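Reading through the structure tokens given below for one structure.
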Amino acid sequence: MVDSGSVGAATAVSGSVLDGRGPKAKGSEVDALKRRLHRHLRHSLGKGPVGSTTLDWYMALALSTRDLMVETWMDSSHRAYANDAKRVYYLSMEFLVGRSLTASLLATGSLDLARQTLTEMGLDFDAVCDQEPEAALGNGGLGRLAACLMESMATLGIPARGYGIYYDYGMFSQYIDAGQQVEMPERWLRYGNVWAFNRPEVLTPVRFYGRTEDGLDLRGRRVRRWLDGEEVLAEAHDLLVPGHGCWTVNAIRLWSAQASRAFDLRRFNQGDYINAVAEQSQSESLSHVLYPDDSTGMGKALRLKQEYFFVAASLADIVRRFRTAHDDFTKFPQKVAIQLNDTHPALAVPELMRLLMDEHGLAWDEAWSICHGTFSYTNHTLLPEALETWPVDLIGSMLPRHMEIIYAINHQFLEGVRKSAPKPDDACVARLSMIDEGGERRVRMAHLAFVGSHRVNGVAALHTDLMRGGIFADLHRTFPDRIVNKTNGITPRRWLQGANRPLSALITRHIGDRWVANLDELRGLVPLAEDAAFREEFRAVKRLNKEALGRYVDARLGVELDPDTLFDVQVKRIHEYKRQLLNVLHVITLYNRIRAGRAEDQPPRTVLLAGKAAPGYYMAKLIIRLIHDVARVINADPLVAGRLRLVFVPDYNVSVAEHIMPAADLSEQISTAGTEASGTGNMKLALNGALTIGTRDGANVEIGDEVGEENIFFFGLSAERANAMRTRGGHDPWQYYTGDPDLHMVLDMIGQGAFSPDEPDRYRPIVDSLTRHGDYYLLLADYADYVACQERVGRAYQDADTWSRMAILNVARIGRFSSDVTVADYAADIWHVPVQTEPGRTG
Ligand SMILES: *Cc1c(COP(=O)(O)O)cnc(C)c1O
């Protein structure tokens with residue numbers, strides 16, 4: 001979103017220079033857009049200007065913008081067909097796209113024209129943009145990464161397609177009722193979706209259940225057949241993704257479930273119309289809802305069904321497209337790269353084997369080498385509870401042929417391992433096996449994805465190291481070249497050019513606009529960190545953004561923010577490993593110290609938190625409630641008025657993030673070292689000129705390498721120390737509790753009801769988890785260092801010049817976290833496809 005507060009500054013400075021399409025729009029362009037808007041209003045929406053609503057104008061503007069993208073989309077696909085180019089397919093259960101209008105206007109170079117035109121028409125441009133529903137088809141980082149990578153693939157001219165699910169209900173909206181999270185369903189497709197083309201004619205059958213038997217194919221060869229069971233149809237919806245400059249437009253093909261006709265007829269012929277209709281809608285419910293659990297396993301059969309549903313439809317589509325240009329499969333790995341985003345699409349491995357062998361008659365070895373050359377897999381987490389496993393019995397009944405193939409893959413794999421030197425012992429073979437035999441037998445999806453891929457990547461250097469040494473250690477020894485690192489990135493178009501118009505304008509005015517396509521160009525700002533006038537402008541921009549966020553929060557919550565305070569921001573899913581609770585412990589500590597006159601050297605702070613908890617995650621929800629209870633007490637206390645405020649912004653999503661990132665002074669990235677695979681919120685905030693306080697975890701480590709140790713606030717245990725403490729019993733939380741008076745006081749206040757006088761025991765479980773139940777995420781071990789580090793942060797902030805110098809250097813040196821860099825690295829090292837670094841020059 002472009003915030004209204006930025007308008008004056010952005011346009012006065014150089015709003016349209018940012019589009020790279022020249023200065024203030026010409027009258028003729030404005031008139032042309034007006035005509036297009038009126039045409040869509042009339043012919044697409046069936047309305048006249050009288051009685052049209054803001055939503056209608058949103059639709060008209062979105063349709064006009066989409067028109068600019070469609071030609072390029074067709075050209076892009078044509079080009080790929082004509083050149084028989086290698087295609088990249090990105091399979092992901094989640095695409096956290098957010099809104100598309102501003103991004104599409106920017107990509108097509110028409111943002112300023114649109115703003116100017118609508119304003120001339122007497123419409124409120126920001127209110128019109130605000131009509132767009134949020135495409136929240138993801139939980140958090142994993143889904144947002146998928147969206148950033150898709151945008152960068154289009155920007156780099158890679159013929160790519162995403163594949164996922166067209167959920168009717170994406171991520172729930174979060175309401176806060178009496179301090180507690182309430183989940184509400186979000187019917188984001190209520191008014192249709194301008195950015196997707198529905199393809200009711202592209203229907204792919206997907207089979208479930210049934211049985212297998214031996215049979216003969218048309219040429220008399222023995223084949224395995226999968227028969228009976230039930231069929232669901234997958235209907236395609238193509239969501240457009242324009243690259244920067246709109247030189248390439250790709251699509252994310254999302255599948256929704258439709259009842260199959262055969263299924264209908266059988267049931268309907270039995271004469272029970274009402275029940276047949278009910279069963280029909282039952283099978284269509286497959287794509288109804290996104291599972292709102294982030295980094296935890298759900299283990300529900302419907303989830304497995306969703307996984308196979310989108311994998312089967314996507315592979316059928318990929319094979320069909322390949323077959324239009326090729327008579328056999330020998331060139332498949334040279335023409336097709338399939339990236340598995342986490343293990344959710346891991347069934348693609350046995351599915352491709354099934355297609356190649358059972359449907360196309362290939363022999364095992366040939367099929368396996370094709371699979372292996374085609375797939376690669378991205379691991380996103382080392383948390384044991386997040387590693388997917390499915391009961392053998394469940395897969396065996398839902399996907400009987402796949403279970404056979406998984407057994408066969410595993411058998412071949414383990415036979416090879418047993419023959420290798422040094423000869424592994426039985427325990428090692430058991431650890432390597434795709435089947436976990438301890439207790440109920442389960443399929444380890446990570447092992448399946450790993451063995452079926454030619455490359456497996458972690459998402460930050462530290463995470464990749466921990467993969468090699470931890471849960472993937474045995475697999476890594478077996479395939480020492482397979483694990484590679486591909487540090488995550490974020491698209492600068494959405495996260496700076498779109499979200500932060502004032503900073504974009506300032507940067508462009510000083511170093512030109514090439515940074516938009518090549519984020520490393522921000523290096524040009526390094527010398528400006530020493531320029532007092534530039535620092536002054538930089539602070540003015542931050543101030544403008546803080547005021548804009550203040551208006552936004554005031555409008556939504558009726559809470560006023562003071563832009564003269566340090567904006568201390570932690571926004572991400574609520575999870576124990578991310579340690580929002582540690583942040584709260586610091587807030588209460590600061591509260592106590594201010595009251596006791598022990599924080600005189602500290603600046604006034606506004607601590608902002610936002611994030612959703614999984615609906616069944618008790619502790620995460622209790623932490624949200626604690627934040628609200630603490631906020632109520634602190635914000636009402638006259639002794640700390642003007643010195644400390646705590647605010648929870650509800651319903652964190654991409655659009656809310658776009659409001660918050662530009663206004664942050666301090667970025668909280670405080671996960672227990674060794675638990676956050678990469679993080680991308682850390683990158684967004686640094687790119688927007690916030691300084692990081694963080695642990696040496698995930699990509700924080702590399703951010704520190706880039707911006708310089710002196711421009712980031714690191715604290716706490718290393719991953720190695722944290723792991724040693726946990727596994728070798730070196731952590732005695734009680735000792736920290738009794739040994740640190742500040743900590744003692746904070747925990748007693750929480751535990752004895754200082755923030756919940758109506759229910760003094762409300763937060764007992766939180767305090768007990770820390771003091772009595774082992775403090776698994778080591779909050780107490782990191783507390784003292786965190787608080788000390790926060791004091792250094794506060795003192796640094798008091799010196800505005802020092803602080804802005806550091807913040808400018810963060811912006812200037814964050815360029816390698818552009819998702820363009822990430823994608824170029826995948827392209828060179830995993831997919832083996834060329835990229836266009838000068839968009840639009842070739843092709
Ligand atoms: C970037 C982003 C995330 C990921 O944040 P982390 O701090 O990396 O966990 C989650 N949700 C939304 C809406 C985002 O934009």
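Each chain in the structure tokens gets a letter, A, B, ..., in the order shown, and its residues are numbered from 1; ligands are numbered from 1 in order too.
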Could you list, as JSON, numbers by chain, all protein and nucleic acid residues with an atom at most 10 Å from ligand 1, counting only C-alpha atoms and all ligand atoms? {"A": [96, 97, 98, 136, 138, 139, 140, 141, 142, 143, 144, 145, 148, 294, 488, 489, 490, 495, 570, 571, 572, 573, 574, 575, 578, 610, 611, 612, 651, 652, 653, 654, 655, 656, 657, 658, 661, 667, 668, 669, 670, 671, 676, 677, 678, 679, 680, 681, 682, 683, 684, 685, 698, 699]}
Can I get the selected residues back with C-alpha atoms, as a short mmCIF file (atom, residue, chain, number, x, y, z; two decimals), in the first residue's frame?
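To be explicit, this is the file written out as out_30.cif:
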```cif
data_model
loop_
_atom_site.label_atom_id
_atom_site.label_comp_id
_atom_site.auth_asym_id
_atom_site.auth_seq_id
_atom_site.Cartn_x
_atom_site.Cartn_y
_atom_site.Cartn_z
CA LEU A 96 1.32 -15.42 0.44
CA VAL A 97 0.85 -12.89 -2.32
CA GLY A 98 -0.98 -10.09 -0.54
CA ALA A 136 -3.46 -14.61 2.00
CA GLY A 138 -0.15 -18.82 3.16
CA ASN A 139 0.83 -18.79 6.80
CA GLY A 140 3.98 -16.69 6.93
CA GLY A 141 7.59 -16.79 5.78
CA LEU A 142 7.38 -19.93 3.64
CA GLY A 143 4.42 -18.66 1.62
CA ARG A 144 5.80 -15.15 1.37
CA LEU A 145 9.10 -16.53 0.07
CA CYS A 148 8.88 -13.12 -3.69
CA ASP A 294 2.88 -22.62 10.77
CA ASN A 488 16.27 -16.33 1.23
CA GLY A 489 15.55 -12.93 -0.20
CA ILE A 490 12.76 -10.39 -0.60
CA TRP A 495 9.18 -4.12 0.09
CA GLN A 570 8.42 -7.41 16.37
CA VAL A 571 6.04 -8.63 13.66
CA LYS A 572 5.83 -12.31 12.68
CA ARG A 573 3.86 -15.44 13.53
CA ILE A 574 3.54 -15.95 17.27
CA HIS A 575 5.68 -18.93 18.15
CA LYS A 578 10.48 -16.70 17.99
CA ALA A 610 1.81 -8.17 15.58
CA GLY A 611 1.27 -11.75 14.54
CA LYS A 612 -1.18 -14.62 14.42
CA ASP A 651 -4.47 -9.26 11.86
CA TYR A 652 -0.86 -9.21 10.71
CA ASN A 653 -0.69 -9.90 6.99
CA VAL A 654 1.24 -8.64 3.97
CA SER A 655 -0.65 -5.34 3.77
CA VAL A 656 -0.21 -4.65 7.47
CA ALA A 657 3.48 -5.48 7.06
CA GLU A 658 3.68 -2.93 4.24
CA MET A 661 8.06 -1.95 7.90
CA SER A 667 13.75 -4.78 14.25
CA GLU A 668 13.38 -7.59 16.80
CA GLN A 669 14.84 -10.88 15.49
CA ILE A 670 15.33 -12.69 18.74
CA SER A 671 14.64 -16.39 18.11
CA GLU A 676 14.82 -19.75 12.79
CA ALA A 677 15.81 -21.17 9.41
CA SER A 678 16.30 -17.78 7.76
CA GLY A 679 13.68 -15.16 8.46
CA THR A 680 12.74 -12.62 5.83
CA GLY A 681 11.07 -10.06 8.10
CA ASN A 682 14.61 -9.26 9.25
CA MET A 683 15.49 -8.32 5.63
CA LYS A 684 12.36 -6.23 5.02
CA LEU A 685 12.97 -4.18 8.14
CA GLY A 698 19.12 -17.69 10.52
CA ALA A 699 19.95 -14.94 8.06
#
```
Using the chain letters and numbers from this document, which residues of stretch 106-252 of chain A does DSSP assign to alpha helix (DSSP H), as JSON, numbers by chain? {"A": [106, 107, 111, 112, 113, 114, 115, 116, 117, 118, 119, 120, 125, 126, 127, 128, 129, 141, 142, 143, 144, 145, 146, 147, 148, 149, 150, 151, 152, 153, 154, 155]}
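From atom CA of A:Leu149 back to atom CA of A:His344, the distance works out to 17.5 Å.
In this model, the gap between atom CA of A:Met153 and atom CA of A:Arg509 comes to 27.6 Å.
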Exercise: stretch 68-78 of chain A partners within 10 Å, only C-alpha atoms, chain neighbours under 5 positions left out, as an MDAnalysis selection string: chainID A and resid 63 83:84 104:105 107:108 110 154 157:160 240:243 246:251 843
Written file, previous selection with N, CA and C atoms, as an mmCIF file, in the first residue's frame:
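Output (part.cif):
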```
data_model
loop_
_atom_site.group_PDB
_atom_site.id
_atom_site.type_symbol
_atom_site.label_atom_id
_atom_site.label_comp_id
_atom_site.auth_asym_id
_atom_site.auth_seq_id
_atom_site.Cartn_x
_atom_site.Cartn_y
_atom_site.Cartn_z
ATOM 1 N N LEU A 63 -8.924 -4.013 -13.523
ATOM 2 C CA LEU A 63 -9.114 -4.599 -14.860
ATOM 3 C C LEU A 63 -8.288 -3.848 -15.907
ATOM 4 N N ASN A 83 10.835 -21.219 -28.191
ATOM 5 C CA ASN A 83 12.247 -21.555 -27.964
ATOM 6 C C ASN A 83 12.415 -22.918 -27.312
ATOM 7 N N ASP A 84 11.314 -23.589 -26.994
ATOM 8 C CA ASP A 84 11.373 -24.822 -26.212
ATOM 9 C C ASP A 84 12.308 -24.622 -25.016
ATOM 10 N N SER A 104 1.128 -4.264 -9.403
ATOM 11 C CA SER A 104 0.935 -4.330 -10.856
ATOM 12 C C SER A 104 1.057 -2.948 -11.488
ATOM 13 N N LEU A 105 0.557 -1.930 -10.783
ATOM 14 C CA LEU A 105 0.708 -0.560 -11.289
ATOM 15 C C LEU A 105 2.181 -0.189 -11.374
ATOM 16 N N ALA A 107 4.729 -2.323 -11.654
ATOM 17 C CA ALA A 107 5.390 -3.136 -12.677
ATOM 18 C C ALA A 107 5.121 -2.578 -14.069
ATOM 19 N N THR A 108 3.917 -2.090 -14.270
ATOM 20 C CA THR A 108 3.557 -1.569 -15.598
ATOM 21 C C THR A 108 3.883 -0.087 -15.727
ATOM 22 N N SER A 110 2.629 2.466 -14.139
ATOM 23 C CA SER A 110 1.486 3.368 -14.210
ATOM 24 C C SER A 110 0.928 3.775 -12.843
ATOM 25 N N ALA A 154 9.936 -13.727 -12.649
ATOM 26 C CA ALA A 154 9.381 -12.946 -13.757
ATOM 27 C C ALA A 154 10.312 -11.779 -14.094
ATOM 28 N N GLY A 157 13.109 -12.834 -16.176
ATOM 29 C CA GLY A 157 12.735 -13.401 -17.467
ATOM 30 C C GLY A 157 12.793 -14.916 -17.528
ATOM 31 N N ILE A 158 12.658 -15.576 -16.387
ATOM 32 C CA ILE A 158 12.671 -17.044 -16.381
ATOM 33 C C ILE A 158 11.272 -17.555 -16.715
ATOM 34 N N PRO A 159 11.148 -18.463 -17.692
ATOM 35 C CA PRO A 159 9.841 -19.044 -17.959
ATOM 36 C C PRO A 159 9.478 -19.972 -16.798
ATOM 37 N N ALA A 160 8.654 -19.471 -15.909
ATOM 38 C CA ALA A 160 8.390 -20.213 -14.679
ATOM 39 C C ALA A 160 6.896 -20.248 -14.416
ATOM 40 N N LEU A 240 -1.812 -13.918 -12.270
ATOM 41 C CA LEU A 240 -0.728 -13.275 -13.023
ATOM 42 C C LEU A 240 0.339 -12.688 -12.096
ATOM 43 N N VAL A 241 1.588 -12.886 -12.479
ATOM 44 C CA VAL A 241 2.719 -12.317 -11.729
ATOM 45 C C VAL A 241 3.597 -11.533 -12.696
ATOM 46 N N PRO A 242 3.478 -10.194 -12.712
ATOM 47 C CA PRO A 242 4.328 -9.407 -13.604
ATOM 48 C C PRO A 242 5.703 -9.181 -12.979
ATOM 49 N N GLY A 243 6.731 -9.253 -13.804
ATOM 50 C CA GLY A 243 8.066 -8.886 -13.335
ATOM 51 C C GLY A 243 8.247 -7.382 -13.402
ATOM 52 N N CYS A 246 7.459 -5.164 -16.301
ATOM 53 C CA CYS A 246 6.458 -5.945 -17.036
ATOM 54 C C CYS A 246 6.993 -6.480 -18.365
ATOM 55 N N TRP A 247 8.265 -6.858 -18.384
ATOM 56 C CA TRP A 247 8.816 -7.466 -19.596
ATOM 57 C C TRP A 247 8.440 -8.934 -19.676
ATOM 58 N N THR A 248 8.261 -9.538 -18.536
ATOM 59 C CA THR A 248 7.796 -10.920 -18.484
ATOM 60 C C THR A 248 6.644 -10.989 -17.488
ATOM 61 N N VAL A 249 5.599 -11.706 -17.858
ATOM 62 C CA VAL A 249 4.517 -11.996 -16.921
ATOM 63 C C VAL A 249 4.386 -13.517 -16.845
ATOM 64 N N ASN A 250 4.487 -14.067 -15.654
ATOM 65 C CA ASN A 250 4.286 -15.499 -15.444
ATOM 66 C C ASN A 250 2.975 -15.714 -14.710
ATOM 67 N N ALA A 251 2.655 -16.968 -14.466
ATOM 68 C CA ALA A 251 1.418 -17.253 -13.739
ATOM 69 C C ALA A 251 1.692 -18.239 -12.617
ATOM 70 N N GLY A 843 15.065 -11.195 -25.994
ATOM 71 C CA GLY A 843 13.817 -11.969 -26.058
ATOM 72 C C GLY A 843 12.814 -11.330 -26.940
#
```
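Minimum distance to A:Glu404 across A:Thr378, A:Thr212, A:Asn275, A:Gln306 (counting only C-alpha atoms) occurs at A:Thr212.
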As a PyMOL selection string, which residues of stretch 619-666 of chain A does DSSP assign to strand (DSSP E or B)? chain A and resi 644-648+666
Just-selected residues, all heavy atoms written as a compact mmCIF listing (two decimals), in the first residue's frame:
```txt
# COMPACT_ATOMS: atom_id res chain seq x y z
N LEU A 644 6.86 4.93 27.71
CA LEU A 644 6.74 3.55 27.26
C LEU A 644 5.30 3.23 26.90
O LEU A 644 4.38 3.57 27.65
CB LEU A 644 7.20 2.59 28.37
CG LEU A 644 7.14 1.08 28.05
CD1 LEU A 644 8.04 0.73 26.88
CD2 LEU A 644 7.50 0.26 29.29
N ARG A 645 5.15 2.61 25.75
CA ARG A 645 3.83 2.16 25.30
C ARG A 645 3.98 0.82 24.64
O ARG A 645 4.98 0.54 23.98
CB ARG A 645 3.27 3.13 24.26
CG ARG A 645 2.23 4.06 24.76
CD ARG A 645 1.72 4.92 23.64
NE ARG A 645 0.34 4.55 23.33
CZ ARG A 645 -0.69 4.79 24.12
NH1 ARG A 645 -0.50 5.41 25.28
NH2 ARG A 645 -1.91 4.44 23.78
N LEU A 646 2.98 -0.04 24.81
CA LEU A 646 2.99 -1.36 24.18
C LEU A 646 1.71 -1.48 23.36
O LEU A 646 0.61 -1.26 23.86
CB LEU A 646 3.03 -2.45 25.27
CG LEU A 646 2.94 -3.91 24.82
CD1 LEU A 646 4.05 -4.27 23.85
CD2 LEU A 646 2.99 -4.84 26.05
N VAL A 647 1.87 -1.82 22.08
CA VAL A 647 0.71 -1.87 21.18
C VAL A 647 0.75 -3.16 20.37
O VAL A 647 1.78 -3.50 19.79
CB VAL A 647 0.72 -0.66 20.21
CG1 VAL A 647 -0.45 -0.74 19.24
CG2 VAL A 647 0.68 0.66 20.99
N PHE A 648 -0.37 -3.85 20.36
CA PHE A 648 -0.51 -5.03 19.51
C PHE A 648 -1.37 -4.67 18.31
O PHE A 648 -2.51 -4.23 18.47
CB PHE A 648 -1.14 -6.19 20.30
CG PHE A 648 -1.17 -7.49 19.52
CD1 PHE A 648 -0.12 -8.39 19.60
CD2 PHE A 648 -2.24 -7.80 18.70
CE1 PHE A 648 -0.13 -9.58 18.89
CE2 PHE A 648 -2.28 -9.00 17.97
CZ PHE A 648 -1.21 -9.89 18.08
N LEU A 666 13.55 -0.12 15.14
CA LEU A 666 14.28 -1.28 15.66
C LEU A 666 13.54 -2.55 15.25
O LEU A 666 12.32 -2.65 15.39
CB LEU A 666 14.35 -1.19 17.20
CG LEU A 666 15.15 -2.28 17.91
CD1 LEU A 666 16.63 -2.21 17.53
CD2 LEU A 666 15.00 -2.15 19.43
```
I'd like the contact shell of stretch 536-545 of chain A - 8 Å cut-off, only C-alpha atoms, skipping same-chain residues fewer than 5 positions apart - returned as a PDB file with C-alpha atoms, in the first residue's frame.
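Okay, result14.pdb is ready:
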```
ATOM      1  CA  GLY A   5       1.123  10.544   4.245  1.00  0.00           C
ATOM      2  CA  SER A   6       3.788   9.836   1.683  1.00  0.00           C
ATOM      3  CA  ASN A 500       8.006   2.908   1.220  1.00  0.00           C
ATOM      4  CA  PRO A 502       9.107   8.391   0.602  1.00  0.00           C
ATOM      5  CA  LEU A 503      12.343   6.430   1.084  1.00  0.00           C
ATOM      6  CA  LEU A 506      14.783   9.953  -1.498  1.00  0.00           C
ATOM      7  CA  PRO A 563       6.377   9.506  16.354  1.00  0.00           C
ATOM      8  CA  ASP A 564       9.031  11.002  18.633  1.00  0.00           C
ATOM      9  CA  PRO A 662       8.711   1.642   6.708  1.00  0.00           C
ATOM     10  CA  ALA A 663       8.037   3.059  10.175  1.00  0.00           C
ATOM     11  CA  SER A 804      20.845   7.447  11.232  1.00  0.00           C
ATOM     12  CA  ILE A 808      21.642   4.337   6.245  1.00  0.00           C
TER      13      ILE A 808
END
```
